[in-house]
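final07.txt follows; it contains compact mmCIF, C-alpha atoms.
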# COMPACT_ATOMS: atom_id res chain seq x y z
CA MET I 1 0.00 0.00 0.00
CA ALA I 2 1.41 3.32 -0.98
CA GLN I 3 2.49 5.65 1.83
CA GLN I 4 0.04 8.51 2.37
CA ILE I 5 1.33 11.82 0.96
CA THR I 6 0.73 14.78 3.25
CA HIS I 7 2.97 17.50 1.77
CA LEU I 8 3.10 18.29 -1.92
CA MET I 9 4.80 21.09 -3.82
CA ALA I 10 2.86 23.11 -6.36
CA SER I 11 5.61 22.53 -8.94
CA LEU I 12 5.36 19.53 -11.23
CA GLU I 13 7.91 16.95 -12.32
CA THR I 14 7.80 15.44 -15.83
CA THR I 15 8.16 11.66 -16.17
CA ASP I 16 8.34 9.42 -19.22
CA ASP I 17 6.04 6.40 -19.15
CA GLY I 18 7.25 5.06 -22.49
CA GLU I 19 4.31 6.45 -24.43
CA ASP I 20 4.14 9.48 -26.70
CA LYS I 21 2.87 11.76 -23.95
CA ASP I 22 4.88 12.96 -20.96
CA ILE I 23 3.01 12.86 -17.68
CA GLN I 24 3.57 15.59 -15.13
CA GLN I 25 3.39 14.48 -11.52
CA PRO I 26 3.53 16.52 -8.29
CA LYS I 27 6.97 16.77 -6.71
CA VAL I 28 6.99 15.08 -3.31
CA TYR I 29 9.10 16.27 -0.37
CA ALA I 30 9.58 14.88 3.11
CA LYS I 31 7.41 16.38 5.83
CA ASN I 32 10.40 17.98 7.56
CA SER I 33 12.07 19.21 4.36
CA MET I 34 12.54 22.97 3.96
CA ASP I 35 12.31 22.45 0.20
CA ARG I 36 8.53 22.04 0.45
CA PHE I 37 8.32 25.86 0.69
CA GLY I 38 8.69 27.79 -2.55
CA ASP I 39 11.47 30.23 -3.45
CA ASP I 40 9.07 33.16 -3.25
CA MET I 41 8.37 32.53 0.43
CA PHE I 42 12.06 32.14 1.21
CA GLY I 43 12.84 35.30 -0.72
CA LEU I 44 10.34 37.22 1.40
CA ILE I 45 11.70 35.84 4.69
CA LEU I 46 15.31 36.47 3.74
CA SER I 47 14.56 40.01 2.58
CA TYR I 48 14.57 41.06 6.26
CA LEU I 49 18.22 40.11 6.68
CA SER I 50 21.00 42.66 6.45
CA PRO I 51 23.54 42.20 3.62
CA GLU I 52 26.11 41.11 6.21
CA ASP I 53 23.83 38.36 7.58
CA ARG I 54 23.03 37.06 4.11
CA PHE I 55 26.63 35.91 3.72
CA ARG I 56 26.34 34.00 7.00
CA TYR I 57 23.14 32.16 6.07
CA GLU I 58 23.75 31.31 2.43
CA CYS I 59 25.29 27.98 3.47
CA VAL I 60 22.05 26.77 5.15
CA SER I 61 20.73 25.13 2.01
CA LYS I 62 20.77 25.25 -1.78
CA GLN I 63 17.45 27.07 -1.66
CA PHE I 64 18.99 29.74 0.55
CA GLN I 65 21.83 30.09 -1.95
CA ARG I 66 19.30 30.64 -4.74
CA THR I 67 17.22 33.25 -2.93
CA VAL I 68 19.24 34.96 -0.19
CA PHE I 69 20.76 37.66 -2.40
CA ASP I 70 18.06 38.23 -5.02
CA SER I 71 15.88 40.64 -3.00
CA VAL I 72 18.68 43.16 -2.31
CA MET I 73 18.08 46.30 -4.38
CA ASP I 74 20.04 48.86 -2.34
CA ILE I 75 23.39 48.27 -0.66
CA GLU I 76 25.59 50.45 1.55
CA LEU I 77 29.30 49.83 1.22
CA ASN I 78 30.99 50.34 4.58
CA ASP I 79 33.74 48.88 6.72
CA GLN I 80 31.32 46.58 8.56
CA LEU I 81 30.15 44.89 5.38
CA ILE I 82 33.67 44.67 3.95
CA SER I 83 35.06 43.13 7.14
CA LYS I 84 32.36 40.45 7.08
CA ILE I 85 33.44 39.32 3.63
CA LEU I 86 37.14 40.12 3.55
CA LYS I 87 39.20 36.99 4.04
CA THR I 88 42.85 36.79 5.04
CA LYS I 89 44.09 36.35 1.47
CA THR I 90 41.35 38.39 -0.22
CA THR I 91 42.05 41.82 -1.65
CA LEU I 92 39.55 44.67 -1.60
CA THR I 93 39.04 44.30 -5.35
CA GLN I 94 38.23 40.61 -4.96
CA THR I 95 35.81 41.46 -2.18
CA MET I 96 34.01 43.97 -4.43
CA GLU I 97 33.79 41.31 -7.13
CA THR I 98 32.24 38.90 -4.64
CA ILE I 99 29.61 41.44 -3.58
CA ALA I 100 28.78 42.42 -7.17
CA LYS I 101 28.28 38.79 -8.23
CA LYS I 102 26.30 37.84 -5.13
CA PHE I 103 23.87 40.77 -5.47
CA PRO I 104 22.94 40.80 -9.18
CA ASN I 105 19.80 42.94 -8.73
CA ILE I 106 21.40 45.97 -7.07
CA GLN I 107 19.90 49.27 -8.22
CA THR I 108 21.50 51.66 -5.73
CA ILE I 109 25.00 51.68 -4.21
CA ASP I 110 25.66 53.98 -1.26
CA ASN I 111 29.42 54.52 -1.11
CA ARG I 112 29.35 57.61 1.13
CA GLU I 113 30.91 55.79 4.10
CA MET I 114 34.03 55.08 2.07
CA ILE I 115 36.29 57.26 -0.08
CA CYS I 116 35.37 57.05 -3.75
CA ASN I 117 36.99 54.01 -5.39
CA ASN I 118 36.89 53.81 -9.19
CA ASN I 119 37.96 50.18 -9.39
CA GLY I 120 35.31 48.98 -6.96
CA LEU I 121 32.47 51.00 -8.49
CA GLN I 122 33.48 49.94 -11.99
CA ILE I 123 33.13 46.31 -10.93
CA PHE I 124 29.52 46.99 -9.91
CA HIS I 125 28.95 48.93 -13.13
CA ASP I 126 30.13 45.96 -15.21
CA ASN I 127 28.31 43.22 -13.25
CA CYS I 128 25.04 44.76 -12.04
CA ARG I 129 22.86 45.44 -15.06
CA TYR I 130 20.09 47.10 -12.99
CA LEU I 131 22.41 49.65 -11.36
CA ARG I 132 20.86 53.13 -11.61
CA HIS I 133 22.15 55.20 -8.66
CA ILE I 134 25.55 55.74 -7.03
CA TYR I 135 25.94 57.78 -3.84
CA CYS I 136 29.58 58.68 -3.25
CA TYR I 137 31.92 60.53 -0.91
CA ILE I 138 34.40 62.78 -2.75
CA PRO I 139 36.47 64.87 -0.31
CA SER I 140 38.70 66.55 -2.89
CA ASN I 141 39.76 66.62 -6.53
CA ARG I 142 42.16 63.75 -5.90
CA TYR I 143 39.14 61.45 -5.94
CA GLU I 144 37.51 61.82 -9.34
CA LEU I 145 35.14 59.30 -10.86
CA ILE I 146 35.88 57.97 -14.32
CA PRO I 147 33.53 59.26 -17.07
CA LYS I 148 31.39 56.14 -17.47
CA LEU I 149 30.41 56.18 -13.77
CA ARG I 150 29.39 59.84 -13.62
CA PRO I 151 25.97 59.43 -15.31
CA LEU I 152 24.97 57.10 -12.45
CA VAL I 153 25.93 59.49 -9.64
CA THR I 154 22.89 61.12 -8.02
CA ARG I 155 24.28 62.02 -4.57
CA ILE I 156 27.66 63.42 -3.52
CA SER I 157 28.87 64.36 -0.04
CA GLY I 158 32.07 65.41 1.69
CA VAL I 159 33.23 67.91 -0.93
CA SER I 160 35.87 70.05 0.80
CA ALA I 161 37.46 71.69 -2.25
CA LYS I 162 36.27 73.25 -5.48
CA LYS I 163 35.56 70.62 -8.14
CA SER I 164 33.64 70.36 -11.37
CA PHE I 165 30.09 69.01 -11.30
CA ILE I 166 29.45 69.74 -14.98
CA ASN I 167 29.46 66.08 -16.03
CA TYR I 168 27.25 64.85 -13.18
CA HIS I 169 24.02 65.42 -15.06
CA ARG I 170 21.77 63.44 -12.68
CA LEU I 171 23.13 64.92 -9.46
CA SER I 172 20.22 65.70 -7.12
CA HIS I 173 21.69 65.68 -3.57
CA LEU I 174 24.88 67.55 -2.77
CA SER I 175 26.82 68.36 0.42
CA VAL I 176 29.82 70.75 0.27
CA THR I 177 31.87 72.61 2.84
CA PHE I 178 31.19 76.07 1.34
CA ILE I 179 28.78 77.21 -1.34
CA CYS I 180 31.63 78.78 -3.34
CA TYR I 181 32.77 75.24 -4.25
CA VAL I 182 29.88 74.89 -6.70
CA PHE I 183 30.87 78.04 -8.63
CA ASP I 184 33.55 78.29 -11.29
CA GLN I 185 34.92 81.26 -13.23
CA LYS I 186 34.53 79.37 -16.51
CA TYR I 187 31.25 77.54 -15.98
CA GLY I 188 29.55 79.69 -13.37
CA LEU I 189 27.15 77.71 -11.17
CA MET I 190 27.91 74.00 -11.67
CA ALA I 191 25.11 72.44 -9.60
CA LYS I 192 21.59 73.16 -10.82
CA ASN I 193 18.13 71.68 -10.26
CA LEU I 194 19.14 70.00 -7.00
CA LEU I 195 16.65 68.44 -4.59
CA SER I 196 18.86 68.62 -1.50
CA PHE I 197 21.79 70.86 -0.57
CA LYS I 198 24.00 71.26 2.49
CA PHE I 199 26.76 73.79 3.13
CA THR I 200 28.50 75.88 5.80
CA PHE I 201 27.68 79.57 5.97
CA LYS I 202 30.51 81.98 5.19
CA LEU I 203 29.82 85.72 5.30
CA LYS I 204 32.19 86.43 2.41
CA ASP I 205 30.28 84.07 0.12
CA PHE I 206 27.02 85.58 1.23
CA ASN I 207 28.20 89.13 0.54
CA ASN I 208 29.24 87.99 -2.94
CA HIS I 209 25.58 87.06 -3.58
CA LEU I 210 26.39 83.40 -4.23
CA LEU I 211 23.30 82.21 -2.36
CA SER I 212 21.12 84.44 -4.51
CA ALA I 213 22.62 83.00 -7.70
CA PHE I 214 22.28 79.46 -6.35
CA VAL I 215 18.61 79.92 -5.41
CA ALA I 216 17.77 81.29 -8.87
CA GLU I 217 18.95 78.05 -10.54
CA ASN I 218 17.68 75.62 -7.90
CA GLN I 219 13.98 76.34 -7.61
CA SER I 220 13.37 72.59 -7.32
CA LEU I 221 15.19 72.41 -3.97
CA ARG I 222 13.19 70.48 -1.36
CA SER I 223 15.72 70.15 1.47
CA LEU I 224 18.29 72.71 2.68
CA PHE I 225 20.74 72.60 5.60
CA ILE I 226 22.91 75.64 6.36
CA LYS I 227 25.50 75.16 9.12
CA GLU I 228 27.33 77.62 11.39
CA ILE I 229 25.38 80.73 10.42
CA LYS I 230 26.87 83.92 11.85
CA PHE I 231 26.30 87.56 10.91
CA ASN I 232 26.78 91.04 12.30
CA THR I 233 23.81 93.00 10.95
CA ARG I 234 20.06 92.62 10.76
CA GLU I 235 20.27 93.23 7.05
CA THR I 236 22.26 90.01 6.63
CA LEU I 237 19.58 88.01 8.43
CA SER I 238 16.83 89.68 6.43
CA GLU I 239 18.63 88.96 3.17
CA LEU I 240 19.14 85.32 4.15
CA THR I 241 15.48 84.75 4.94
CA GLU I 242 14.42 86.63 1.82
CA GLN I 243 16.50 84.27 -0.34
CA LEU I 244 15.08 81.21 1.38
CA SER I 245 11.53 82.44 0.80
CA ARG I 246 12.24 82.26 -2.96
CA LEU I 247 12.38 78.44 -2.87
CA PRO I 248 8.81 77.32 -3.67
CA GLN I 249 9.44 73.55 -3.32
CA LEU I 250 11.35 73.69 -0.03
CA ARG I 251 9.90 71.27 2.55
CA GLN I 252 12.80 70.65 4.92
CA LEU I 253 14.85 73.54 6.28
CA ARG I 254 17.55 73.34 8.94
CA LEU I 255 19.39 76.47 10.04
CA GLU I 256 22.27 76.04 12.50
CA PHE I 257 23.29 79.33 14.15
CA CYS I 258 26.66 79.71 15.85
CA ALA I 259 25.42 82.70 17.83
CA PHE I 260 22.19 84.62 17.64
CA PRO I 261 21.78 87.99 19.41
CA LYS I 262 18.66 88.11 21.56
CA HIS I 263 17.44 91.40 20.13
CA TYR I 264 17.38 90.06 16.55
CA PRO I 265 13.86 89.28 15.31
CA LEU I 266 14.26 85.59 14.45
CA ALA I 267 10.52 84.93 14.65
CA ASP I 268 9.83 87.69 12.13
CA SER I 269 12.54 86.35 9.85
CA LEU I 270 11.14 82.83 9.91
CA ARG I 271 7.69 84.26 9.26
CA THR I 272 9.10 85.77 6.07
CA ILE I 273 10.20 82.33 4.88
CA VAL I 274 6.83 80.74 5.66
CA SER I 275 4.97 83.57 3.97
CA GLY I 276 7.05 83.02 0.86
CA PHE I 277 6.04 79.35 0.80
CA ARG I 278 2.34 80.14 1.19
CA ALA I 279 2.42 82.76 -1.54
CA LYS I 280 3.61 80.12 -4.02
CA ASP I 281 1.32 77.26 -2.96
Let me see the structure of the file written as structure tokens.
Amino acid sequence: MAQQITHLMASLETTDDGEDKDIQQPKVYAKNSMDRFGDDMFGLILSYLSPEDRFRYECVSKQFQRTVFDSVMDIELNDQLISKILKTKTTLTQTMETIAKKFPNIQTIDNREMICNNNGLQIFHDNCRYLRHIYCYIPSNRYELIPKLRPLVTRISGVSAKKSFINYHRLSHLSVTFICYVFDQKYGLMAKNLLSFKFTFKLKDFNNHLLSAFVAENQSLRSLFIKEIKFNTRETLSELTEQLSRLPQLRQLRLEFCAFPKHYPLADSLRTIVSGFRAKD
């Protein structure tokens, strides 16, 4: 008497009975076999793991190996992830190759925790066909991305020297030390149509009307962070708030004052910014 079957997979297995027609029969798994669950369910469960943990659990089963990396769309390259993978005799380049091959569906790479590395990013460019966004940390002109990577860069941070942004056509989020770093005598303003911008206030740059020129070409700005604001006249504060009120899409604003005299009308100045938003809504 045939043993009673209690667990069947939805997938079918083709068998040849010697006749012209192939007969498809249900695939049978043991009651305690993990294989009785489909790849879709495993993919969902494993999607909650961090990239670091995925490397630890891929050896659980062949099904884990098939599904553990597929659901990763965004990855952050940092020392913690690298140290999890880096073996004694493995170079950084080999480690990048391992990550790129393990995560074939990556769409976004966040490289802002590490200094820009052309070799590593090029490996992802060549192996990840769905790659669309690169976030990178570029502290100075010594770290310049090769031309074929630049169209993928949408976010840059850590810029502490003047550099050219002319060829970063999809750049939307930018963080620089001073606003003067996005201006050039030859090209003028090099960062336009940004969504997010962060810089440190410098009175000299402000007096040179750089903020005014920046605002005129970045009406799409939605997030702005100005650090270490300091001034010596009410006119400077009024001018600052007037410029900020010209940003119709701004939704997140952070102003960090080094010192603010008590007799300066901050409430009135902020009211000017809010009034500017309402006038354009």
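When only C-alpha atoms are used to measure the gap to Lys162 of chain I, the shortest distance among I:Phe199, I:Phe55, I:Phe183, I:Tyr143 belongs to I:Phe183.
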Please identify all polymer residues lying at most 6 Å from the point (16.7, 70.4, -4.1) (file coordinates), using all atoms listed in the file, and present the result as number ranges by chain.
I: 194-196, 220-223
Output of the above residues as an mmCIF file, in the coordinates of the input, restricted to C-alpha atoms:
data_model
loop_
_atom_site.group_PDB
_atom_site.id
_atom_site.type_symbol
_atom_site.label_atom_id
_atom_site.label_comp_id
_atom_site.auth_asym_id
_atom_site.auth_seq_id
_atom_site.Cartn_x
_atom_site.Cartn_y
_atom_site.Cartn_z
ATOM 1 C CA LEU I 194 19.140 70.000 -7.000
ATOM 2 C CA LEU I 195 16.650 68.440 -4.590
ATOM 3 C CA SER I 196 18.860 68.620 -1.500
ATOM 4 C CA SER I 220 13.370 72.590 -7.320
ATOM 5 C CA LEU I 221 15.190 72.410 -3.970
ATOM 6 C CA ARG I 222 13.190 70.480 -1.360
ATOM 7 C CA SER I 223 15.720 70.150 1.470
#
I'd like the neighbourhood of Ile123 of chain I as a list of chain:residue names, where a residue qualifies if any of its atoms comes within 7 Å (using all atoms listed in the file), though same-chain residues fewer than 4 positions away should be ignored.
I:Met96, I:Glu97, I:Ala100, I:Asn119, I:Asn127
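In this model, the gap between atom CA of Pro147 of chain I and atom CA of Glu113 of chain I comes to 21.6 Å.
A straight line drawn from atom CA of Leu240 of chain I to atom CA of Glu217 of chain I is 16.4 Å long.
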Grab the atom CA of Cys116 of chain I to atom CA of Glu144 of chain I distance for me, in Å with one decimal place.
7.7 Å
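Residue nearest Arg155 of chain I within the list I:Gln219, I:Ser175, I:Gln185, I:Thr200: I:Ser175 [criterion: smallest interatomic distance, all atoms listed in the file].
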Please return as a list of chain:residue names every residue within 9 Å of (19.8, 51.5, -10.9), taking into account only C-alpha atoms and the file's own coordinates.
I:Met73, I:Asp74, I:Asn105, I:Ile106, I:Gln107, I:Thr108, I:Ile109, I:Cys128, I:Arg129, I:Tyr130, I:Leu131, I:Arg132, I:His133, I:Ile134, I:Leu152
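When the distance limit is 9 Å and all atoms listed in the file are what count, the residues near Thr98 of chain I, minus those fewer than 5 positions from it on the same chain, are Ile85, Thr93 and Phe103 of chain I.
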